[in-house]
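Asker: Structure file data-v2.cif (mmCIF, C-alpha atoms and all ligand atoms) right here:
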```
data_my_file
#
loop_
_atom_site.label_atom_id
_atom_site.label_comp_id
_atom_site.auth_asym_id
_atom_site.auth_seq_id
_atom_site.Cartn_x
_atom_site.Cartn_y
_atom_site.Cartn_z
CA MET A 1208 -19.16 -26.53 40.99
CA ALA A 1209 -15.74 -25.62 42.33
CA ARG A 1210 -15.71 -22.47 40.24
CA ARG A 1211 -18.62 -21.03 42.13
CA SER A 1212 -17.37 -21.73 45.67
CA ALA A 1213 -15.49 -18.46 45.85
CA ASP A 1214 -18.76 -16.64 45.31
CA SER A 1215 -20.61 -18.05 48.32
CA GLY A 1216 -22.47 -15.31 50.10
CA LEU A 1217 -22.14 -14.45 53.78
CA ASN A 1218 -25.03 -16.73 54.68
CA GLY A 1219 -23.21 -19.68 53.14
CA LYS A 1220 -25.64 -20.03 50.23
CA VAL A 1221 -24.32 -19.77 46.71
CA SER A 1222 -24.99 -16.25 45.56
CA LEU A 1223 -24.48 -15.34 41.96
CA THR A 1224 -22.38 -12.27 42.55
CA ARG A 1225 -20.46 -12.51 39.31
CA ARG A 1226 -22.35 -10.91 36.46
CA SER A 1227 -21.38 -13.67 34.05
CA ASP A 1228 -22.99 -16.22 36.42
CA ARG A 1229 -26.20 -14.21 36.55
CA PHE A 1230 -26.17 -13.71 32.79
CA LEU A 1231 -25.82 -17.46 32.19
CA ALA A 1232 -28.29 -18.46 34.94
CA GLY A 1233 -31.08 -16.55 33.20
CA LEU A 1234 -30.48 -18.48 29.97
CA LYS A 1235 -30.81 -21.98 31.47
CA GLU A 1236 -34.35 -22.45 30.11
CA ALA A 1237 -33.71 -20.89 26.71
CA ALA A 1238 -33.85 -23.15 23.67
CA THR A 1239 -31.57 -20.93 21.58
CA VAL A 1240 -29.91 -17.57 22.11
CA THR A 1241 -29.91 -14.86 19.42
CA PHE A 1242 -27.65 -11.80 19.51
CA VAL A 1243 -28.58 -8.44 18.06
CA SER A 1244 -26.63 -5.16 17.89
CA HIS A 1245 -27.05 -1.65 16.50
CA VAL A 1246 -27.52 -0.82 12.84
CA HIS A 1247 -24.30 -1.04 10.75
CA PRO A 1248 -22.62 -3.33 13.30
CA ASP A 1249 -19.08 -2.22 14.09
CA PRO A 1250 -16.18 -4.32 15.38
CA ASP A 1251 -17.28 -3.77 18.99
CA SER A 1252 -20.76 -5.11 18.18
CA LEU A 1253 -19.43 -8.04 16.15
CA GLY A 1254 -16.82 -9.05 18.73
CA SER A 1255 -19.36 -8.77 21.56
CA MET A 1256 -21.89 -10.99 19.80
CA MET A 1257 -19.19 -13.56 18.99
CA GLY A 1258 -17.80 -13.56 22.53
CA LEU A 1259 -21.16 -14.00 24.24
CA ALA A 1260 -22.20 -16.69 21.74
CA HIS A 1261 -18.99 -18.57 22.54
CA LEU A 1262 -19.68 -18.20 26.26
CA VAL A 1263 -23.24 -19.53 25.93
CA GLU A 1264 -22.15 -22.41 23.69
CA SER A 1265 -19.22 -23.39 25.93
CA VAL A 1266 -21.00 -23.24 29.29
CA LEU A 1267 -24.60 -24.06 28.42
CA GLY A 1268 -24.21 -25.99 25.17
CA LYS A 1269 -27.02 -23.97 23.55
CA ARG A 1270 -27.37 -23.06 19.90
CA THR A 1271 -26.73 -19.40 19.11
CA ARG A 1272 -27.42 -17.02 16.22
CA LEU A 1273 -25.70 -13.74 15.35
CA THR A 1274 -27.59 -11.11 13.39
CA ARG A 1275 -26.71 -8.17 11.18
CA ASP A 1276 -28.86 -5.03 11.27
CA GLY A 1277 -28.34 -3.03 8.08
CA LEU A 1278 -25.16 -3.01 6.04
CA ILE A 1279 -21.58 -3.45 7.06
CA SER A 1280 -19.85 -1.10 4.68
CA ARG A 1281 -16.62 0.13 6.26
CA ALA A 1282 -13.79 -1.75 4.54
CA GLU A 1283 -12.13 -2.85 7.80
CA ASN A 1284 -15.41 -4.16 9.19
CA ARG A 1285 -16.14 -6.12 6.04
CA ALA A 1286 -12.63 -7.56 6.17
CA MET A 1287 -13.25 -8.55 9.78
CA VAL A 1288 -16.44 -10.42 8.82
CA ASP A 1289 -14.77 -12.14 5.84
CA LEU A 1290 -11.43 -13.01 7.42
CA LEU A 1291 -12.91 -14.19 10.72
CA ASP A 1292 -15.72 -15.97 8.89
CA ILE A 1293 -18.50 -14.46 11.02
CA GLU A 1294 -21.89 -15.91 10.12
CA LEU A 1295 -24.58 -13.22 10.36
CA ILE A 1296 -28.31 -13.51 9.71
CA PRO A 1297 -29.84 -10.30 8.29
CA ILE A 1298 -32.19 -9.02 11.00
CA GLU A 1299 -35.13 -8.78 8.58
CA LYS A 1300 -34.77 -12.50 7.80
CA ALA A 1301 -34.58 -13.67 11.41
CA SER A 1302 -37.69 -15.39 12.73
CA TRP A 1303 -38.47 -15.30 16.44
CA HIS A 1304 -39.72 -18.33 18.36
CA ASP A 1305 -40.85 -18.97 21.92
CA GLY A 1306 -37.89 -20.11 23.95
CA ASP A 1307 -35.44 -18.03 21.93
CA ALA A 1308 -33.67 -15.62 24.27
CA ILE A 1309 -32.56 -12.36 22.64
CA VAL A 1310 -29.51 -10.48 23.82
CA MET A 1311 -28.75 -6.95 22.65
CA VAL A 1312 -25.11 -5.83 22.68
CA ASP A 1313 -23.41 -2.47 22.20
CA SER A 1314 -26.72 -0.61 22.11
CA GLN A 1315 -29.94 -0.09 24.05
CA PRO A 1316 -33.57 -0.58 23.05
CA ASN A 1317 -35.52 2.30 21.53
CA THR A 1318 -32.54 4.52 20.82
CA GLY A 1319 -33.41 4.70 17.13
CA ARG A 1320 -30.50 2.51 16.15
CA HIS A 1321 -32.32 -0.72 15.25
CA ASN A 1322 -34.60 -2.31 12.72
CA LEU A 1323 -35.43 -4.99 15.28
CA ASP A 1324 -39.17 -5.22 15.92
CA PRO A 1325 -39.61 -3.33 19.23
CA CYS A 1326 -42.21 -5.95 20.30
CA VAL A 1327 -39.58 -8.71 20.39
CA PRO A 1328 -38.79 -9.11 24.12
CA LEU A 1329 -35.14 -8.92 25.14
CA TYR A 1330 -33.56 -11.11 27.81
CA ALA A 1331 -30.45 -8.96 28.19
CA VAL A 1332 -28.82 -5.67 27.26
CA ILE A 1333 -25.02 -5.47 27.52
CA ASP A 1334 -23.65 -2.08 26.53
CA HIS A 1335 -21.39 0.89 27.25
CA HIS A 1336 -23.19 3.83 25.56
CA ASP A 1337 -24.19 7.02 27.37
CA THR A 1338 -27.44 7.18 25.45
CA PRO A 1339 -30.18 5.73 27.62
CA GLY A 1340 -32.67 3.22 26.25
CA ASP A 1341 -35.85 1.60 27.56
CA LEU A 1342 -34.53 -0.99 29.98
CA ASP A 1343 -37.50 -1.41 32.32
CA ASP A 1344 -38.68 -4.78 31.03
CA VAL A 1345 -35.25 -6.29 30.44
CA PRO A 1346 -34.41 -9.01 33.02
CA PHE A 1347 -30.62 -8.76 32.71
CA VAL A 1348 -28.91 -5.38 32.22
CA ASP A 1349 -25.18 -4.69 32.33
CA VAL A 1350 -24.54 -1.17 31.05
CA ARG A 1351 -21.19 0.36 32.03
CA ARG A 1352 -20.80 3.85 30.65
CA THR A 1353 -17.20 4.24 31.80
CA LEU A 1354 -16.01 1.36 29.62
CA GLY A 1355 -14.37 2.05 26.28
CA ALA A 1356 -15.81 -1.04 24.63
CA THR A 1357 -18.56 -3.61 25.09
CA CYS A 1358 -15.99 -6.23 23.99
CA SER A 1359 -14.03 -5.51 27.21
CA LEU A 1360 -17.10 -6.34 29.27
CA VAL A 1361 -17.63 -9.53 27.25
CA ALA A 1362 -13.96 -10.47 27.62
CA SER A 1363 -14.34 -10.06 31.39
CA TYR A 1364 -17.25 -12.58 31.36
CA LEU A 1365 -15.09 -15.06 29.41
CA MET A 1366 -12.20 -14.52 31.85
CA GLU A 1367 -14.50 -14.98 34.85
CA GLN A 1368 -15.71 -18.30 33.47
CA SER A 1369 -12.16 -19.38 32.49
CA ILE A 1370 -13.24 -20.08 28.92
CA GLU A 1371 -10.54 -20.82 26.38
CA LEU A 1372 -10.57 -18.43 23.45
CA PRO A 1373 -9.87 -19.59 19.89
CA PRO A 1374 -7.63 -17.18 17.93
CA ARG A 1375 -10.45 -15.85 15.72
CA LEU A 1376 -12.50 -14.87 18.76
CA ALA A 1377 -9.52 -13.29 20.56
CA THR A 1378 -8.79 -11.38 17.33
CA ALA A 1379 -12.38 -10.13 17.09
CA LEU A 1380 -12.51 -9.01 20.73
CA PHE A 1381 -9.09 -7.36 20.52
CA TYR A 1382 -9.99 -5.47 17.36
CA GLY A 1383 -13.39 -4.51 18.79
CA ILE A 1384 -11.70 -2.89 21.79
CA GLU A 1385 -8.87 -1.34 19.79
CA THR A 1386 -11.25 0.45 17.42
CA GLU A 1387 -13.21 1.97 20.34
CA LEU A 1388 -10.08 3.25 22.09
CA SER A 1389 -8.42 4.92 19.13
CA GLY A 1390 -9.03 8.62 19.87
CA TYR A 1391 -7.33 10.99 22.29
CA PRO A 1392 -8.14 11.75 25.09
CA ARG A 1393 -8.76 8.00 25.39
CA GLU A 1394 -12.20 6.79 26.30
CA ALA A 1395 -10.86 3.81 28.18
CA SER A 1396 -10.87 2.23 31.61
CA SER A 1397 -8.42 -0.14 33.29
CA LEU A 1398 -10.77 -3.01 32.37
CA ASP A 1399 -10.30 -2.16 28.68
CA ASP A 1400 -6.53 -2.19 29.05
CA SER A 1401 -6.45 -5.46 30.99
CA ALA A 1402 -8.72 -7.07 28.38
CA LEU A 1403 -6.34 -5.92 25.61
CA LEU A 1404 -3.36 -7.38 27.50
CA TYR A 1405 -5.18 -10.67 27.99
CA LEU A 1406 -6.34 -10.93 24.38
CA TYR A 1407 -3.23 -9.83 22.48
CA PRO A 1408 -1.19 -13.04 22.95
CA LEU A 1409 -4.23 -15.09 21.90
CA ALA A 1410 -5.10 -13.02 18.82
CA SER A 1411 -3.84 -13.68 15.30
CA LYS A 1412 -1.51 -10.77 14.59
CA ASP A 1413 -1.55 -11.57 10.90
CA LEU A 1414 -5.35 -11.36 10.66
CA LEU A 1415 -5.32 -8.19 12.76
CA ALA A 1416 -2.92 -6.56 10.31
CA ARG A 1417 -5.05 -7.62 7.34
CA ILE A 1418 -8.19 -6.18 8.94
CA ARG A 1419 -6.56 -2.89 9.98
CA ASN A 1420 -5.13 -2.40 6.49
CA ALA A 1421 -8.18 -3.44 4.49
CA ARG A 1422 -8.03 -2.19 0.88
CA LEU A 1423 -10.15 0.84 0.08
CA PRO A 1424 -12.28 1.59 -3.01
CA GLN A 1425 -11.77 4.70 -5.15
CA SER A 1426 -15.01 6.20 -3.77
CA HIS A 1427 -13.32 6.42 -0.37
CA PHE A 1428 -10.68 8.86 -1.63
CA GLU A 1429 -13.20 10.85 -3.68
CA CYS A 1430 -15.34 11.25 -0.57
CA ILE A 1431 -12.40 12.35 1.61
CA LEU A 1432 -11.40 14.93 -1.02
CA HIS A 1433 -14.96 16.21 -1.24
CA ALA A 1434 -15.21 16.37 2.57
CA LEU A 1435 -11.98 18.40 2.84
CA GLN A 1436 -13.17 20.80 0.14
CA SER A 1437 -16.45 21.43 1.91
CA SER A 1438 -15.17 21.83 5.45
CA PHE A 1439 -15.88 25.10 7.26
CA ILE A 1440 -14.30 26.34 10.46
CA TYR A 1441 -16.26 28.22 13.11
CA ASP A 1442 -13.96 29.05 16.02
CA ARG A 1443 -13.05 25.65 17.54
CA LEU A 1444 -15.56 23.72 15.41
CA ILE A 1445 -15.14 22.28 11.93
CA ILE A 1446 -18.16 21.12 9.93
CA SER A 1447 -17.83 19.05 6.81
CA TRP A 1448 -20.81 18.74 4.47
CA VAL A 1449 -20.82 15.79 2.11
CA ASN A 1450 -23.48 15.79 -0.61
CA GLU A 1451 -23.35 12.10 -1.18
CA LEU A 1452 -21.73 9.50 1.03
CA PRO A 1453 -20.77 6.37 -0.91
CA GLN A 1454 -21.48 4.45 2.29
CA PRO A 1455 -22.94 5.66 5.62
CA GLU A 1456 -19.94 4.85 7.79
CA LEU A 1457 -17.71 7.28 5.86
CA ALA A 1458 -19.07 10.17 7.93
CA ALA A 1459 -17.27 8.67 10.94
CA GLU A 1460 -14.07 8.24 8.96
CA VAL A 1461 -14.16 11.91 7.94
CA VAL A 1462 -14.42 13.14 11.54
CA ASP A 1463 -11.80 10.66 12.76
CA PHE A 1464 -9.48 12.34 10.26
CA LEU A 1465 -10.53 15.96 10.93
CA ILE A 1466 -10.44 15.82 14.73
CA ARG A 1467 -6.66 15.74 14.61
CA PHE A 1468 -6.60 19.27 13.14
CA GLU A 1469 -4.77 21.33 15.76
CA GLU A 1470 -6.98 24.41 15.49
CA ILE A 1471 -10.27 22.78 16.46
CA ASP A 1472 -11.77 20.78 19.35
CA TRP A 1473 -14.92 19.61 17.59
CA ALA A 1474 -15.40 17.92 14.23
CA VAL A 1475 -18.80 17.28 12.67
CA CYS A 1476 -19.55 15.55 9.37
CA ALA A 1477 -23.02 15.58 7.88
CA GLY A 1478 -23.48 13.57 4.71
CA VAL A 1479 -26.40 12.41 2.62
CA TYR A 1480 -26.90 8.68 2.28
CA GLU A 1481 -30.06 7.52 0.51
CA ASP A 1482 -32.95 9.37 2.22
CA LYS A 1483 -31.05 10.28 5.37
CA LEU A 1484 -28.56 12.82 6.61
CA ILE A 1485 -25.89 10.88 8.52
CA LEU A 1486 -24.14 12.77 11.31
CA SER A 1487 -20.89 11.98 13.02
CA VAL A 1488 -19.17 13.96 15.77
CA ARG A 1489 -15.78 13.80 17.47
CA SER A 1490 -14.42 15.98 20.24
CA ALA A 1491 -10.91 16.42 21.55
CA ALA A 1492 -12.15 18.10 24.75
CA GLU A 1493 -12.43 16.41 28.14
CA ASN A 1494 -15.99 15.97 29.44
CA ALA A 1495 -17.30 16.92 26.02
CA ARG A 1496 -20.52 14.88 26.44
CA ALA A 1497 -20.70 14.67 22.67
CA GLY A 1498 -23.52 12.11 22.66
CA GLU A 1499 -25.71 14.34 24.80
CA MET A 1500 -24.77 17.45 22.81
CA LEU A 1501 -25.71 15.85 19.49
CA ARG A 1502 -28.93 14.43 20.94
CA GLN A 1503 -29.98 17.96 21.92
CA VAL A 1504 -28.88 19.47 18.62
CA VAL A 1505 -30.77 16.90 16.55
CA GLY A 1506 -33.80 16.99 18.82
CA LYS A 1507 -36.98 16.00 17.06
CA LEU A 1508 -35.37 16.17 13.60
CA GLY A 1509 -34.02 12.62 14.03
CA ARG A 1510 -32.11 10.39 16.44
CA ALA A 1511 -28.63 10.74 17.92
CA GLY A 1512 -26.45 9.54 20.76
CA GLY A 1513 -23.07 8.14 21.66
CA HIS A 1514 -20.23 8.61 24.09
CA ASP A 1515 -18.30 11.42 25.73
CA ARG A 1516 -16.13 12.25 22.73
CA ARG A 1517 -17.81 10.36 19.89
CA ALA A 1518 -21.37 10.58 18.70
CA GLY A 1519 -23.54 9.81 15.72
CA GLY A 1520 -27.04 10.39 14.48
CA THR A 1521 -29.42 10.33 11.56
CA ILE A 1522 -32.01 12.77 10.26
CA PRO A 1523 -34.58 11.48 7.76
CA LEU A 1524 -34.78 13.73 4.70
CA LEU A 1525 -38.32 14.37 3.63
CA SER A 1526 -37.07 15.39 0.23
CA ALA A 1527 -33.70 14.83 -1.43
CA SER A 1528 -33.84 18.21 -3.16
CA ALA A 1529 -30.77 20.40 -2.70
CA ASN A 1530 -33.05 22.98 -1.13
CA ALA A 1531 -34.36 20.63 1.57
CA VAL A 1532 -30.83 19.48 2.40
CA GLU A 1533 -29.62 23.08 2.58
CA GLN A 1534 -32.41 24.02 4.96
CA ILE A 1535 -31.53 21.22 7.37
CA GLN A 1536 -27.85 22.10 7.04
CA SER A 1537 -28.39 25.71 8.04
CA GLU A 1538 -30.63 24.70 10.95
CA LEU A 1539 -28.01 22.20 12.14
CA ARG A 1540 -25.24 24.78 11.81
CA ARG A 1541 -27.25 27.25 13.90
CA ARG A 1542 -27.98 24.67 16.59
CA LEU A 1543 -24.39 23.39 16.70
CA LEU A 1544 -22.98 26.90 17.16
CA LYS A 1545 -25.47 27.56 19.93
CA ALA A 1546 -24.79 24.24 21.70
CA LEU A 1547 -21.03 24.86 21.62
CA HIS A 1548 -21.39 28.54 22.65
CA ILE A 1549 -19.83 29.84 19.46
CA ASP A 1550 -20.99 33.25 18.27
CA GLU A 1551 -22.95 33.17 15.01
CA CYS A 1552 -20.29 33.83 12.39
CA ARG A 1553 -19.42 33.08 8.80
CA GLY A 1554 -17.33 29.96 8.58
CA HIS A 1555 -14.07 30.03 6.71
CA ARG A 1556 -13.00 27.18 4.51
CA LEU A 1557 -10.38 24.64 5.59
CA VAL A 1558 -9.08 24.81 2.01
CA SER A 1559 -9.77 28.13 0.31
CA ARG A 1560 -11.80 28.17 -2.89
CA LYS A 1561 -8.89 29.87 -4.65
CA GLU A 1562 -6.55 27.06 -3.70
CA ILE A 1563 -9.01 24.37 -4.76
CA LEU A 1564 -9.30 26.02 -8.19
CA GLN A 1565 -5.55 26.56 -8.52
CA ASN A 1566 -4.92 22.91 -7.71
CA LEU A 1567 -7.33 21.87 -10.43
CA GLN A 1568 -5.55 24.01 -13.01
CA ALA A 1569 -2.06 22.83 -12.06
MN MN A 1601 -19.22 0.02 21.30
#
```
Let me see whether you can do it: turn the structure in this file into structure tokens.

Answerer:
Amino acid sequence: MARRSADSGLNGKVSLTRRSDRFLAGLKEAATVTFVSHVHPDPDSLGSMMGLAHLVESVLGKRTRLTRDGLISRAENRAMVDLLDIELIPIEKASWHDGDAIVMVDSQPNTGRHNLDPCVPLYAVIDHHDTPGDLDDVPFVDVRRTLGATCSLVASYLMEQSIELPPRLATALFYGIETELSGYPREASSLDDSALLYLYPLASKDLLARIRNARLPQSHFECILHALQSSFIYDRLIISWVNELPQPELAAEVVDFLIRFEEIDWAVCAGVYEDKLILSVRSAAENARAGEMLRQVVGKLGRAGGHDRRAGGTIPLLSASANAVEQIQSELRRRLLKALHIDECRGHRLVSRKEILQNLQA
């Protein structure tokens, strides 16, 4: 094993100092390896599952399975799955057998982001989120909170093991990293940038362009219009209330759009999807600790978490009545203002009511 010689420990014995070696060593006895990620898998989750599956197949020759928890509804993410031909087993249809090792990527156990049976034991957790999960019983853990993307960590394993990357995998990993690094200030480390440099020449630029520019349904534009018309500014915070999200990931797209508004540092979107209120947060401030902020704001109402400048959460709605939604909205507004040290004040609209009506009559 010439590849390992460089890793010999001081005592001359082979020590598995590289994380990819330790990750693979623990899978030697596994019959198959199944990958799971958070609900509504995003490009970072999809690329990470694909990359680790390729690593396991190439080095250990084991069979692998990739799963999908919940829907993939964002147009770009659906295009990624279709164009890169990613085979995903719905998590509720996956059966678990002895000898099947389960690896969780881009998330941590018991963070409220999975439909995976919590009794299914995990072999590994590979992630970059701030939000802590229950990791005590997990044999292999590689959580690096300073990384922009889990795909960067996975790419580093593939580089360590000198594995050749087919274009569809390089494309998936590249896009997974790119989507995580899109805001400013950047949530990125030098490992993210070196992974991007390594992957770009290997990726299909044509497929990348098709994924980035995926076609959007009419409901997308209706939702954006509705979000803009129900956005309220409180000092450096903007909150957008959406009565009905056509798909849950649109809340994130609304805040990605609003955070560029020059008069605010925080953007929050809260939208109703089925029997849940979906929350998404972006911050343009350094050391915003958005994930922690939203976790405190949501508290026992639901679950939340994320990164320094991006966060998300869900609150189950006990009743879909307008009254019940309004009550949660006003409680959330109060808690958000308090958490961000903004004096209780009446919000003013991003687009005034008068202008909205005038535009309709024009
Ligand atoms: Mn991620």

Asker: Name all residues at most 10 Å from A:Val1243 (count all atoms listed in the file; drop same-chain ones fewer than 2 positions away) and give them as a ChimeraX atom specification.

Answerer: /A:1241,1245-1246,1248,1252-1253,1255-1256,1272-1276,1295-1296,1298,1309-1314,1321,1323,1329,1332

Asker: Using all atoms listed in the file, determine which residues lie at most 9 Å from A:Asp1228, disregarding the query and same-chain residues fewer than 4 positions distant; provide the list as a list in words.

Answerer: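 Near neighbours after the sequence-gap exclusion: Arg1211, Leu1223, Thr1224, Ala1232, Gly1233, Tyr1364, Glu1367 and Gln1368 of chain A.
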
Asker: Any idea what the distance is between atom CA of A:Arg1516 and atom CA of A:Arg1553?

Answerer: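 For atom CA of A:Arg1516 relative to atom CA of A:Arg1553, the distance reads 25.3 Å.
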
Asker: Please determine, counting all atoms listed in the file, which residue among A:Val1288, A:Ile1446, A:Ile1333, A:Ala1477 has the shortest atom-to-atom distance to ligand MN 1601 (chain A).

Answerer: A:Ile1333

Asker: Using all atoms listed in the file for the distances, tell me which of A:Ser1401, A:Thr1353, A:Ser1396, A:Ser1389 is nearest to A:Met1366.

Answerer: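 Looking only at the distances to A:Met1366, the closest residue turns out to be A:Ser1401.
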
Asker: Just checking: using only C-alpha atoms and all ligand atoms, which residue out of A:Gln1425, A:Ser1411, A:Ser1359, A:Thr1521 ends up closest to ligand MN 1601 (chain A)?

Answerer: A:Ser1359

Asker: So which one's closest to A:Cys1326, A:Gly1478, A:Trp1303, A:Glu1499, A:Val1348? Using all atoms listed in the file, please.

Answerer: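 Of A:Gly1478, A:Trp1303, A:Glu1499, A:Val1348, the one nearest A:Cys1326, counting all atoms listed in the file, is A:Trp1303.
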
Asker: If you measure from atom CA of A:Pro1339 to atom CA of A:Gln1315, what distance in Å do you get, rounded to one decimal?

Answerer: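 The value is 6.8 Å.
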
Asker: Residues within 12 Å of ligand MN 1601 (chain A), counting all atoms listed in the file: report them as JSON, numbers by chain.

Answerer: {"A": [1244, 1245, 1246, 1247, 1248, 1249, 1250, 1251, 1252, 1253, 1254, 1255, 1256, 1311, 1312, 1313, 1314, 1315, 1333, 1334, 1335, 1336, 1337, 1338, 1350, 1351, 1352, 1353, 1354, 1355, 1356, 1357, 1358, 1359, 1360, 1361, 1380, 1382, 1383, 1384, 1385, 1386, 1387, 1388, 1394, 1395, 1399, 1512, 1513, 1514, 1517, 1518]}
